[in-house]
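Visitor: Here you go, this is upload_35.cif (mmCIF, C-alpha atoms).
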data_model
#
loop_
_atom_site.label_atom_id
_atom_site.label_comp_id
_atom_site.auth_asym_id
_atom_site.auth_seq_id
_atom_site.Cartn_x
_atom_site.Cartn_y
_atom_site.Cartn_z
CA MET A 1 4.44 -29.85 -3.01
CA CYS A 2 4.55 -30.52 0.74
CA ILE A 3 7.07 -30.13 3.55
CA VAL A 4 7.14 -32.62 6.44
CA LEU A 5 6.85 -30.88 9.81
CA GLY A 6 6.78 -33.20 12.79
CA MET A 7 4.45 -36.04 11.85
CA SER A 8 2.48 -34.08 9.25
CA GLN A 9 2.85 -33.06 5.64
CA VAL A 10 2.19 -29.34 5.17
CA PRO A 11 1.42 -27.75 1.77
CA VAL A 12 3.87 -25.18 0.43
CA VAL A 13 3.09 -21.78 -1.08
CA PRO A 14 5.53 -21.89 -4.04
CA LEU A 15 7.11 -18.46 -3.61
CA ASP A 16 10.23 -19.80 -5.31
CA ARG A 17 8.42 -20.35 -8.64
CA ASP A 18 7.90 -17.63 -11.25
CA GLU A 19 4.51 -19.04 -12.23
CA TYR A 20 3.21 -18.32 -8.72
CA TRP A 21 4.02 -14.62 -9.04
CA ALA A 22 2.55 -14.48 -12.54
CA ASP A 23 -0.89 -15.39 -11.13
CA PRO A 24 -0.94 -16.40 -7.45
CA TYR A 25 -4.71 -16.47 -6.95
CA PRO A 26 -5.58 -19.91 -8.41
CA ILE A 27 -2.77 -21.40 -6.33
CA LEU A 28 -3.87 -19.60 -3.16
CA ASN A 29 -7.49 -20.57 -3.82
CA ALA A 30 -6.61 -24.24 -4.12
CA LEU A 31 -4.51 -24.16 -0.94
CA ARG A 32 -7.10 -22.21 1.06
CA ASP A 33 -9.97 -24.47 0.00
CA ARG A 34 -8.17 -27.50 1.41
CA HIS A 35 -6.05 -26.12 4.25
CA ARG A 36 -6.19 -23.42 6.90
CA THR A 37 -2.43 -22.97 6.85
CA ALA A 38 0.58 -23.66 4.67
CA VAL A 39 4.30 -22.89 4.76
CA THR A 40 6.74 -21.01 2.57
CA PRO A 41 9.62 -22.90 0.88
CA THR A 42 11.77 -21.96 3.90
CA GLY A 43 9.22 -23.42 6.34
CA GLN A 44 7.59 -20.24 7.63
CA LYS A 45 3.94 -20.78 8.54
CA VAL A 46 1.31 -19.02 6.42
CA VAL A 47 -2.31 -18.10 7.21
CA LEU A 48 -4.66 -18.49 4.23
CA ARG A 49 -8.24 -17.81 5.40
CA TRP A 50 -10.06 -14.64 6.41
CA ASP A 51 -11.17 -15.77 9.87
CA ASP A 52 -7.68 -16.91 10.84
CA ALA A 53 -6.05 -13.74 9.45
CA GLU A 54 -8.51 -11.63 11.42
CA GLU A 55 -7.77 -13.62 14.58
CA VAL A 56 -4.03 -13.07 14.16
CA LYS A 57 -4.52 -9.31 14.07
CA LYS A 58 -6.91 -9.27 17.03
CA ARG A 59 -5.04 -11.55 19.42
CA PRO A 60 -2.38 -9.94 21.66
CA GLU A 61 -0.21 -13.05 21.39
CA PHE A 62 0.73 -11.94 17.86
CA VAL A 63 2.60 -8.71 17.17
CA ASN A 64 4.07 -6.92 14.19
CA ASP A 65 7.48 -7.92 12.90
CA GLY A 66 10.30 -5.85 14.35
CA LEU A 67 13.93 -5.46 13.40
CA GLU A 68 14.34 -9.21 12.94
CA PHE A 69 12.40 -8.88 9.68
CA ILE A 70 15.11 -6.82 8.01
CA GLU A 71 17.96 -8.51 9.88
CA GLU A 72 16.91 -11.70 8.10
CA ARG A 73 17.30 -9.75 4.84
CA GLY A 74 20.87 -8.75 5.61
CA PHE A 75 20.40 -5.23 7.02
CA LYS A 76 22.41 -4.37 10.14
CA PRO A 77 22.77 -1.57 12.72
CA GLY A 78 24.18 1.56 11.10
CA ASP A 79 22.49 0.88 7.78
CA ALA A 80 20.10 3.67 6.82
CA MET A 81 17.32 1.14 6.32
CA TYR A 82 17.94 -0.41 9.75
CA GLU A 83 17.98 2.95 11.55
CA TRP A 84 14.78 4.03 9.80
CA ARG A 85 12.94 0.85 10.73
CA ARG A 86 14.22 1.01 14.31
CA LEU A 87 11.94 4.00 14.93
CA SER A 88 9.22 3.22 12.40
CA ILE A 89 5.70 3.14 13.83
CA SER A 90 5.06 -0.14 12.00
CA THR A 91 7.81 -1.84 14.03
CA LEU A 92 6.66 -0.71 17.45
CA ASN A 93 4.18 -2.63 19.56
CA GLY A 94 2.31 -2.16 22.81
CA ALA A 95 2.42 1.09 24.80
CA GLU A 96 5.16 2.69 22.69
CA HIS A 97 3.18 2.12 19.51
CA GLN A 98 0.00 3.45 21.10
CA ARG A 99 1.81 6.55 22.36
CA LEU A 100 3.18 7.47 18.93
CA ARG A 101 -0.01 6.64 17.08
CA SER A 102 -2.08 8.73 19.49
CA LEU A 103 0.14 11.74 18.84
CA VAL A 104 -0.07 11.25 15.09
CA ASN A 105 -3.85 10.90 15.12
CA ARG A 106 -4.13 14.32 16.72
CA ALA A 107 -2.37 15.86 13.73
CA LEU A 108 -3.48 13.58 10.89
CA THR A 109 -7.21 14.27 10.73
CA PRO A 110 -9.82 12.96 8.24
CA LYS A 111 -10.84 16.54 7.40
CA SER A 112 -7.72 17.14 5.33
CA VAL A 113 -8.23 14.08 3.12
CA GLY A 114 -11.11 15.60 1.17
CA ARG A 115 -8.92 18.38 -0.18
CA VAL A 116 -6.68 15.87 -1.93
CA ARG A 117 -9.50 14.55 -4.12
CA PRO A 118 -9.62 17.26 -6.80
CA VAL A 119 -5.83 17.50 -6.86
CA LEU A 120 -5.42 13.79 -7.47
CA ARG A 121 -8.12 13.74 -10.13
CA ARG A 122 -6.61 16.77 -11.87
CA HIS A 123 -3.16 15.17 -12.09
CA ALA A 124 -4.62 11.92 -13.44
CA ILE A 125 -6.63 13.77 -16.10
CA GLU A 126 -3.57 15.80 -17.09
CA VAL A 127 -1.73 12.56 -17.87
CA LEU A 128 -4.60 11.39 -20.05
CA GLU A 129 -4.72 14.76 -21.82
CA GLN A 130 -0.98 14.70 -22.52
CA HIS A 131 -1.36 11.40 -24.38
CA ALA A 132 -4.75 12.14 -25.95
CA GLY A 133 -3.22 12.70 -29.38
CA THR A 134 -2.11 9.08 -29.73
CA GLY A 135 -4.52 7.70 -27.16
CA GLU A 136 -1.79 5.34 -25.96
CA LEU A 137 0.41 5.21 -22.88
CA ASP A 138 2.11 2.85 -20.44
CA ALA A 139 -0.01 3.22 -17.31
CA ARG A 140 2.71 1.92 -15.00
CA VAL A 141 5.08 4.68 -16.10
CA ALA A 142 2.69 7.51 -16.98
CA PHE A 143 0.83 7.62 -13.65
CA ARG A 144 3.74 6.76 -11.36
CA HIS A 145 4.22 10.36 -10.20
CA VAL A 146 0.52 11.05 -9.56
CA PRO A 147 0.36 9.81 -5.92
CA PHE A 148 3.63 11.65 -5.23
CA LEU A 149 2.14 14.95 -6.39
CA SER A 150 -0.96 14.47 -4.27
CA MET A 151 1.23 13.71 -1.23
CA VAL A 152 3.27 16.85 -1.92
CA PHE A 153 0.04 18.84 -1.75
CA PHE A 154 -1.33 16.97 1.26
CA LEU A 155 1.85 17.35 3.33
CA GLY A 156 2.53 20.95 2.36
CA VAL A 157 5.86 20.25 0.64
CA ASP A 158 7.09 23.01 -1.66
CA ASP A 159 7.70 22.24 -5.32
CA GLU A 160 11.40 23.01 -4.85
CA GLU A 161 11.56 20.60 -1.92
CA ALA A 162 9.69 17.94 -3.88
CA GLU A 163 12.15 18.12 -6.76
CA ILE A 164 14.91 17.07 -4.39
CA ILE A 165 13.30 13.82 -3.31
CA TRP A 166 11.26 12.61 -6.29
CA PRO A 167 14.23 10.98 -8.12
CA VAL A 168 14.88 8.98 -4.94
CA LEU A 169 11.29 7.88 -4.33
CA ALA A 170 10.73 7.07 -8.01
CA GLY A 171 13.07 4.10 -7.69
CA GLY A 172 10.92 2.44 -5.02
CA ASN A 173 12.04 0.39 -2.02
CA GLY A 174 9.56 -2.49 -1.99
CA ASN A 175 12.16 -5.05 -3.06
CA ALA A 176 13.95 -4.59 0.28
CA PHE A 177 10.96 -6.20 2.03
CA GLY A 178 10.51 -9.05 -0.44
CA PRO A 179 11.35 -12.73 0.02
CA GLU A 180 14.67 -12.51 -1.84
CA VAL A 181 17.04 -9.61 -1.07
CA THR A 182 20.41 -9.37 -2.82
CA GLN A 183 23.41 -7.22 -1.89
CA GLU A 184 22.56 -4.94 -4.80
CA ILE A 185 19.07 -4.39 -3.36
CA ARG A 186 20.53 -3.71 0.10
CA ASP A 187 22.99 -1.15 -1.28
CA GLN A 188 20.33 0.65 -3.32
CA THR A 189 17.90 0.63 -0.39
CA ASN A 190 20.41 2.04 2.08
CA GLU A 191 21.35 4.79 -0.37
CA ARG A 192 17.71 5.73 -0.90
CA PHE A 193 16.76 5.62 2.76
CA ALA A 194 19.77 7.77 3.67
CA ALA A 195 18.55 10.37 1.15
CA VAL A 196 14.95 10.15 2.42
CA LEU A 197 16.04 10.57 6.05
CA ASP A 198 18.22 13.57 5.12
CA PHE A 199 15.24 15.05 3.30
CA GLY A 200 12.98 14.51 6.29
CA ALA A 201 15.54 16.09 8.61
CA MET A 202 15.80 19.11 6.32
CA LEU A 203 12.02 19.57 6.37
CA VAL A 204 11.84 19.24 10.17
CA GLU A 205 14.52 21.92 10.58
CA ASN A 206 12.79 24.19 8.06
CA ARG A 207 9.39 23.86 9.75
CA ARG A 208 10.86 24.39 13.20
CA ARG A 209 12.32 27.70 12.01
CA GLU A 210 9.25 28.72 10.02
CA PRO A 211 6.09 26.82 11.08
CA ARG A 212 3.26 26.58 8.56
CA ASP A 213 -0.29 25.33 8.45
CA ASP A 214 0.85 21.92 7.23
CA LEU A 215 1.05 18.39 8.58
CA LEU A 216 4.72 18.45 9.58
CA SER A 217 4.33 21.69 11.55
CA HIS A 218 1.33 20.17 13.32
CA LEU A 219 3.32 17.03 14.12
CA ILE A 220 6.07 19.18 15.63
CA GLU A 221 3.54 21.09 17.75
CA VAL A 222 1.25 18.24 18.77
CA GLU A 223 1.34 17.27 22.43
CA GLU A 224 -0.64 14.92 24.65
CA ASP A 225 -0.31 14.84 28.44
CA GLY A 226 2.98 16.71 28.16
CA ASP A 227 4.42 14.25 25.64
CA ARG A 228 5.85 15.23 22.25
CA MET A 229 7.61 13.32 19.52
CA THR A 230 11.40 13.32 19.57
CA TYR A 231 13.39 14.74 16.67
CA ASP A 232 14.27 11.26 15.37
CA GLU A 233 10.64 10.12 15.69
CA LEU A 234 9.49 13.16 13.70
CA VAL A 235 11.95 12.53 10.89
CA VAL A 236 11.16 8.82 10.60
CA LEU A 237 7.41 9.30 10.90
CA PHE A 238 7.27 11.99 8.24
CA THR A 239 9.38 9.95 5.82
CA ASN A 240 7.16 6.96 6.60
CA ILE A 241 4.01 8.90 5.68
CA PHE A 242 5.60 10.61 2.69
CA GLY A 243 7.53 7.77 1.09
CA GLY A 244 5.38 4.85 2.15
CA ALA A 245 2.30 6.04 0.29
CA VAL A 246 3.92 6.61 -3.09
CA GLU A 247 5.07 3.18 -4.25
CA THR A 248 2.08 1.22 -2.95
CA THR A 249 -0.52 3.71 -4.20
CA SER A 250 1.16 3.76 -7.59
CA SER A 251 0.83 -0.03 -7.71
CA MET A 252 -2.87 0.23 -6.89
CA MET A 253 -3.42 2.85 -9.57
CA THR A 254 -1.81 0.62 -12.17
CA SER A 255 -4.10 -2.19 -11.05
CA THR A 256 -7.08 0.15 -11.35
CA VAL A 257 -6.33 0.77 -15.02
CA LEU A 258 -5.73 -2.95 -15.55
CA GLU A 259 -9.05 -4.07 -14.06
CA LEU A 260 -11.14 -1.34 -15.72
CA ALA A 261 -9.59 -2.27 -19.07
CA ARG A 262 -10.30 -5.97 -18.51
CA ASN A 263 -13.82 -5.31 -17.25
CA PRO A 264 -15.43 -2.73 -19.55
CA ASP A 265 -18.86 -3.40 -18.03
CA GLN A 266 -17.55 -2.25 -14.65
CA ALA A 267 -15.90 0.80 -16.23
CA GLU A 268 -19.22 1.70 -17.81
CA LEU A 269 -21.04 1.36 -14.48
CA LEU A 270 -18.52 3.68 -12.83
CA ARG A 271 -18.78 6.14 -15.74
CA GLU A 272 -22.56 6.28 -15.35
CA ARG A 273 -22.62 6.48 -11.51
CA PRO A 274 -19.22 7.81 -10.40
CA GLU A 275 -20.13 9.32 -7.03
CA GLU A 276 -22.30 6.36 -6.07
CA LEU A 277 -19.80 3.66 -7.04
CA LYS A 278 -16.34 5.15 -6.51
CA ARG A 279 -16.05 3.74 -2.99
CA GLY A 280 -17.00 0.29 -4.23
CA ALA A 281 -14.52 0.60 -7.10
CA ALA A 282 -11.64 1.47 -4.78
CA GLU A 283 -12.49 -1.31 -2.31
CA GLU A 284 -12.72 -3.85 -5.11
CA ILE A 285 -9.31 -2.83 -6.45
CA LEU A 286 -7.87 -3.12 -2.95
CA ARG A 287 -9.44 -6.56 -2.54
CA HIS A 288 -8.75 -7.90 -6.01
CA ARG A 289 -5.18 -6.61 -6.45
CA PRO A 290 -3.61 -5.74 -3.06
CA ALA A 291 -0.40 -3.74 -3.26
CA PHE A 292 1.49 -5.84 -0.67
CA TYR A 293 1.73 -9.57 -1.22
CA ALA A 294 2.02 -10.38 2.51
CA ILE A 295 1.81 -9.00 6.05
CA GLY A 296 4.34 -10.29 8.57
CA GLN A 297 3.68 -11.11 12.24
CA HIS A 298 5.29 -13.19 14.94
CA ALA A 299 4.15 -14.90 18.11
CA ALA A 300 5.19 -12.98 21.21
CA VAL A 301 4.62 -16.06 23.39
CA PRO A 302 4.01 -19.76 22.72
CA THR A 303 0.48 -20.11 21.39
CA GLU A 304 -1.82 -22.01 19.04
CA LEU A 305 -3.75 -20.75 16.02
CA ALA A 306 -5.58 -22.44 13.16
CA GLY A 307 -4.73 -25.85 14.58
CA VAL A 308 -0.95 -25.32 14.63
CA GLN A 309 1.49 -24.46 17.41
CA PHE A 310 3.74 -21.39 17.41
CA ASP A 311 6.87 -20.99 19.51
CA ALA A 312 7.73 -17.65 21.11
CA GLU A 313 9.22 -15.29 18.49
CA GLU A 314 8.19 -17.63 15.67
CA PRO A 315 7.20 -15.66 12.56
CA LEU A 316 4.13 -16.19 10.44
CA SER A 317 2.90 -14.60 7.24
CA ILE A 318 -0.56 -13.55 6.09
CA ILE A 319 -0.52 -13.74 2.29
CA VAL A 320 -3.12 -11.08 1.55
CA GLY A 321 -4.48 -12.68 -1.62
CA GLY A 322 -5.73 -15.61 0.48
CA PRO A 323 -8.16 -13.84 2.85
CA ASN A 324 -8.99 -11.22 0.20
CA ARG A 325 -10.55 -13.89 -2.00
CA ASP A 326 -11.99 -16.12 0.69
CA PRO A 327 -15.47 -17.31 -0.45
CA SER A 328 -16.60 -17.44 3.16
CA ARG A 329 -16.51 -13.63 3.11
CA TRP A 330 -17.21 -12.75 -0.53
CA GLU A 331 -19.53 -14.38 -3.02
CA ASP A 332 -17.77 -15.41 -6.24
CA PRO A 333 -14.55 -13.75 -5.00
CA ASP A 334 -12.60 -14.06 -8.25
CA ARG A 335 -15.14 -11.85 -10.03
CA PHE A 336 -14.25 -8.15 -10.21
CA ASP A 337 -17.42 -6.36 -9.10
CA ILE A 338 -17.51 -2.70 -8.03
CA THR A 339 -21.10 -3.03 -6.79
CA ARG A 340 -20.05 -5.08 -3.75
CA ASP A 341 -20.76 -3.56 -0.34
CA PRO A 342 -17.94 -1.00 0.15
CA ASN A 343 -18.21 -1.44 3.92
CA MET A 344 -16.89 -5.01 3.55
CA TRP A 345 -13.26 -3.96 3.72
CA PRO A 346 -10.53 -6.31 2.49
CA PHE A 347 -7.39 -7.22 4.40
CA THR A 348 -5.16 -4.99 2.28
CA PHE A 349 -4.64 -2.30 4.93
CA SER A 350 -4.46 -4.89 7.73
CA MET A 351 -6.53 -4.36 10.89
CA GLY A 352 -6.18 -4.04 14.63
CA PRO A 353 -3.62 -1.76 16.34
CA HIS A 354 -1.48 -1.55 13.18
CA PHE A 355 -4.35 -0.71 10.82
CA CYS A 356 -2.71 1.40 8.09
CA LEU A 357 -2.21 4.97 9.28
CA GLY A 358 -2.69 6.44 5.81
CA GLN A 359 -5.58 4.26 4.65
CA ALA A 360 -8.12 7.11 4.48
CA LEU A 361 -5.84 9.11 2.21
CA ALA A 362 -5.06 6.12 0.01
CA ARG A 363 -8.74 5.27 -0.33
CA ALA A 364 -9.61 8.86 -1.33
CA GLU A 365 -6.83 8.83 -3.94
CA LEU A 366 -7.95 5.51 -5.42
CA GLN A 367 -11.57 6.59 -5.56
CA GLU A 368 -10.79 9.75 -7.51
CA PHE A 369 -8.29 7.99 -9.76
CA ALA A 370 -10.81 5.31 -10.67
CA VAL A 371 -13.40 7.99 -11.51
CA ALA A 372 -10.87 9.90 -13.64
CA ILE A 373 -10.03 6.80 -15.67
CA ALA A 374 -13.63 5.65 -16.08
CA THR A 375 -15.08 9.05 -16.99
CA HIS A 376 -12.30 10.33 -19.27
CA CYS A 377 -11.36 7.08 -21.04
CA HIS A 378 -13.69 5.50 -23.58
CA ASP A 379 -12.92 2.22 -25.33
CA LEU A 380 -10.16 1.53 -22.81
CA GLU A 381 -8.17 -1.57 -23.75
CA LEU A 382 -4.85 -3.28 -23.14
CA THR A 383 -2.48 -3.38 -26.09
CA ALA A 384 -0.28 -6.04 -24.46
CA GLU A 385 -0.61 -8.32 -21.45
CA PRO A 386 1.45 -7.28 -18.42
CA ALA A 387 3.82 -9.56 -16.53
CA TRP A 388 3.96 -9.37 -12.74
CA GLN A 389 7.43 -9.03 -11.26
CA PRO A 390 8.43 -12.06 -9.17
CA ARG A 391 9.66 -12.16 -5.57
CA VAL A 392 8.87 -8.57 -4.58
CA MET A 393 6.85 -7.18 -1.67
CA VAL A 394 4.92 -4.57 -3.68
CA ASN A 395 2.96 -6.21 -6.49
CA THR A 396 4.21 -4.59 -9.69
CA VAL A 397 3.80 -5.20 -13.41
CA ASP A 398 6.61 -4.72 -15.88
CA GLN A 399 4.42 -2.53 -18.09
CA LEU A 400 0.77 -1.75 -18.75
CA PRO A 401 0.32 -0.38 -22.30
CA ILE A 402 -3.21 0.83 -22.99
CA ARG A 403 -5.24 2.50 -25.72
CA TYR A 404 -8.18 4.84 -25.08
CA ILE A 405 -10.29 7.67 -26.47
CA PHE A 406 -10.09 10.78 -24.28
CA ASP A 407 -13.39 12.45 -23.32
CA GLU A 408 -12.83 16.18 -22.84
CA ARG A 409 -16.47 16.77 -21.87
CA ALA A 410 -16.38 14.66 -18.71
CA PRO A 411 -16.95 16.67 -15.49
CA ARG A 412 -14.02 17.79 -13.35
CA LEU A 413 -13.72 18.76 -9.71
CA ALA A 414 -12.75 22.31 -8.74
CA VAL A 415 -9.12 22.39 -7.59
CA PRO A 416 -8.13 24.41 -4.48
CA GLN A 417 -6.05 27.35 -5.62
CA GLN A 418 -4.68 28.58 -2.32
CA GLY A 419 -3.42 27.09 0.88
CA ARG A 420 -2.21 23.69 1.91
CA PRO A 421 -4.22 21.12 3.82
CA ALA A 422 -3.46 20.72 7.50
#
Could you render the structure from this file as structure tokens?
Guide:
Amino acid sequence: MCIVLGMSQVPVVPLDRDEYWADPYPILNALRDRHRTAVTPTGQKVVLRWDDAEEVKKRPEFVNDGLEFIEERGFKPGDAMYEWRRLSISTLNGAEHQRLRSLVNRALTPKSVGRVRPVLRRHAIEVLEQHAGTGELDARVAFRHVPFLSMVFFLGVDDEEAEIIWPVLAGGNGNAFGPEVTQEIRDQTNERFAAVLDFGAMLVENRRREPRDDLLSHLIEVEEDGDRMTYDELVVLFTNIFGGAVETTSSMMTSTVLELARNPDQAELLRERPEELKRGAAEEILRHRPAFYAIGQHAAVPTELAGVQFDAEEPLSIIVGGPNRDPSRWEDPDRFDITRDPNMWPFTFSMGPHFCLGQALARAELQEFAVAIATHCHDLELTAEPAWQPRVMVNTVDQLPIRYIFDERAPRLAVPQQGRPA
């Protein structure tokens, strides 16, 4: 299918067809092999290749989507979702973005990430132990809370505080960023974001009264050249870190189980050499099954890229599955191979000024989760094929039923018993 733009026919990424969402990669491969760009059914320009996607993120003429992204989806001033995104670090560009990110980087240090590893692995193994009697579970459901629990530990949130917000976060909000947003989705999203913002405000007030050695207290205290974050910035940033990592990481964990079940040779390699190959396993999951289907940008000024012209404020989309399986960057890119060079990062966490703030934490979680599955599950297999949900931002399967034999003798990491990570 093609759309006529000007004097040319432009290929269409069929986002309006269920079969695309069921398995987008053959379609994206065919488009990318023949064209540098395409359009969505509504005419938005799409970047398909690695080099062009990288150029978009490096060139100052292109900036992250702002409020127009959710305005197009029916959200308006006063909506909880709108007010959250108004101050979200992902929406800001230029000096304001750099200011906020610099303050965050002074509080969010790589040192704390290592302490999450044994906690994440413990929670994953506990799930496997709970179902060891039958050796069967639905991975999408059973592991959904695991990234939440690791974030609770990482951020220093009390169990009592966590119980307040988990029912809200469990519902997810990815549909609000997808290509088709209904009034029902808007209503649910606003209700959830209102609850998340209230929760964040409660935590900020609590930590201001009684500071701790935790991330939120450090964010409150952090200062650079006399500058501190405002109250609203603190609330939105903390909810961004806390809530944003749960749904996407859960998606990646489900994909980890899926690919290790489909590729038993790779599971065996990871079982035999877990510390050596866990980075490669996580990077290959991120490349092969990215959590987000697309990354939005727009042209700040009139410009040209990949042989096409962009007007000022014109949006474009990087469909992550295109550059992530570009054969110009990866040999035999449709093959799942955990022995690839782990320093060849995929596009999943973006790049440039808006490189994902929590990517180090997410990578540590995925590495330990992959090791837990590979080392504690023998004869891992799918008992039914999953179906990918259509027209959503976060790639999600309807179910992932598996069967396995639990290995109680596999090694475990020592879990910190006291203190919270900074």
Visitor: Apply the PyMOL selection byres ((chain A and resi 366) around 9) to the file shown and report the selected residues as a list in words.
Guide: Leu120, Thr249, Met252, Met253, Thr256, Lys278, Arg279, Ala281, Ala282, Glu283, Ile285, Leu286, Leu361, Ala362, Arg363, Ala364, Glu365, Gln367, Glu368, Phe369, Ala370 and Val371 of chain A
Visitor: Might you pull out every residue within 7 Å of Ala38 (chain A), with all atoms listed in the file counted and same-chain residues fewer than 4 positions away left off, and present them as a list in words?
Guide: Val10, Pro11, Val12, Val13, Lys45, Val46 and Val47 of chain A
Visitor: At a cut-off of 6 Å, using all atoms listed in the file, what residues contact region 288-297 of chain A? Leave out same-chain residues fewer than 2 positions from it and give the result as a JSON list (two decimals) with C-alpha atoms, keeping the file's coordinate frame.
Guide:
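Resulting contents of selection_31.json:
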[["chain", "number", "residue", "atom", "x", "y", "z"],
["A", 63, "VAL", "CA", 2.60, -8.71, 17.17],
["A", 64, "ASN", "CA", 4.07, -6.92, 14.19],
["A", 65, "ASP", "CA", 7.48, -7.92, 12.90],
["A", 248, "THR", "CA", 2.08, 1.22, -2.95],
["A", 251, "SER", "CA", 0.83, -0.03, -7.71],
["A", 252, "MET", "CA", -2.87, 0.23, -6.89],
["A", 284, "GLU", "CA", -12.72, -3.85, -5.11],
["A", 285, "ILE", "CA", -9.31, -2.83, -6.45],
["A", 286, "LEU", "CA", -7.87, -3.12, -2.95],
["A", 315, "PRO", "CA", 7.20, -15.66, 12.56],
["A", 316, "LEU", "CA", 4.13, -16.19, 10.44],
["A", 317, "SER", "CA", 2.90, -14.60, 7.24],
["A", 318, "ILE", "CA", -0.56, -13.55, 6.09],
["A", 319, "ILE", "CA", -0.52, -13.74, 2.29],
["A", 320, "VAL", "CA", -3.12, -11.08, 1.55],
["A", 348, "THR", "CA", -5.16, -4.99, 2.28],
["A", 393, "MET", "CA", 6.85, -7.18, -1.67],
["A", 394, "VAL", "CA", 4.92, -4.57, -3.68],
["A", 395, "ASN", "CA", 2.96, -6.21, -6.49]]
Visitor: Could I get the residues of region 130-171 of chain A with an atom no further than 12 Å from an atom of region 382-389 of chain A, each paired with its nearest atom pair and that distance in Å to one decimal, using all atoms listed in the file, sorted by chain and residue number, as a tab-separated table?
Guide:
residue	atom	partner	partner_atom	distance
A:Gly135	CA	A:Thr383	CA	11.3
A:Glu136	CA	A:Thr383	CA	8.7
A:Leu137	CA	A:Thr383	CA	9.6
A:Asp138	CA	A:Thr383	CA	9.6
A:Ala139	CA	A:Leu382	CA	10.0
A:Arg140	CA	A:Pro386	CA	9.9
Visitor: Taking the file above as input, evaluate the PyMOL selection byres ((chain A and resi 412) around 12) and report the hits as a list in words.
Guide: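 This file, filtered by the PyMOL selection byres ((chain A and resi 412) around 12), leaves Arg117, Pro118, Val119, Leu120, Arg121, Arg122, His123, Ala124, Ile125, Glu126, Pro274, Glu368, Phe369, Val371, Ala372, Ile373, Thr375, His376, Asp407, Glu408, Arg409, Ala410, Pro411, Leu413, Ala414 and Val415 of chain A.
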Visitor: Emit the selected residues as a compact mmCIF listing (two decimals), keeping the file's coordinate frame, including C-alpha atoms.
Guide:
# COMPACT_ATOMS: atom_id res chain seq x y z
CA ARG A 117 -9.50 14.55 -4.12
CA PRO A 118 -9.62 17.26 -6.80
CA VAL A 119 -5.83 17.50 -6.86
CA LEU A 120 -5.42 13.79 -7.47
CA ARG A 121 -8.12 13.74 -10.13
CA ARG A 122 -6.61 16.77 -11.87
CA HIS A 123 -3.16 15.17 -12.09
CA ALA A 124 -4.62 11.92 -13.44
CA ILE A 125 -6.63 13.77 -16.10
CA GLU A 126 -3.57 15.80 -17.09
CA PRO A 274 -19.22 7.81 -10.40
CA GLU A 368 -10.79 9.75 -7.51
CA PHE A 369 -8.29 7.99 -9.76
CA VAL A 371 -13.40 7.99 -11.51
CA ALA A 372 -10.87 9.90 -13.64
CA ILE A 373 -10.03 6.80 -15.67
CA THR A 375 -15.08 9.05 -16.99
CA HIS A 376 -12.30 10.33 -19.27
CA ASP A 407 -13.39 12.45 -23.32
CA GLU A 408 -12.83 16.18 -22.84
CA ARG A 409 -16.47 16.77 -21.87
CA ALA A 410 -16.38 14.66 -18.71
CA PRO A 411 -16.95 16.67 -15.49
CA LEU A 413 -13.72 18.76 -9.71
CA ALA A 414 -12.75 22.31 -8.74
CA VAL A 415 -9.12 22.39 -7.59
Visitor: Quick one: residues within 9 Å of Leu234 (chain A), all atoms listed in the file counted, chain neighbours fewer than 5 positions away excluded, as a ChimeraX atom specification?
Guide: /A:200-201,204,216,219-220,229,239
Visitor: Provide the CA of Ile402 (chain A) to CA of Glu247 (chain A) distance in Å, to one decimal place.
Guide: 20.6 Å
Visitor: Kindly resolve the PyMOL selection byres ((chain A and resi 237) around 9) on the present coordinates and return the residues as a list in words.
Guide: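 Applied to this file, the PyMOL selection byres ((chain A and resi 237) around 9) selects Leu87, Ser88, Ile89, Val104, Gly200, Asp232, Glu233, Leu234, Val235, Val236, Phe238, Thr239, Asn240, Ile241 and Phe242 of chain A.
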Visitor: Would you work out the distance separating CA of Pro77 (chain A) from CA of Thr42 (chain A), expressed in Å to one decimal?
Guide: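 Spanning CA of Pro77 (chain A) to CA of Thr42 (chain A) is a straight-line distance of 24.8 Å.
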Visitor: Rank A:Thr37, A:Thr396, A:Thr189, A:Ser90 by their smallest atom-to-atom distance to Leu357 (chain A), using all atoms listed in the file, and report the top residue only.
Guide: A:Ser90
Visitor: Record the distance separating CA of Thr303 (chain A) and CA of Asp52 (chain A), expressed in Å with one decimal.
Guide: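 Computing it gives 13.7 Å between the two atoms.
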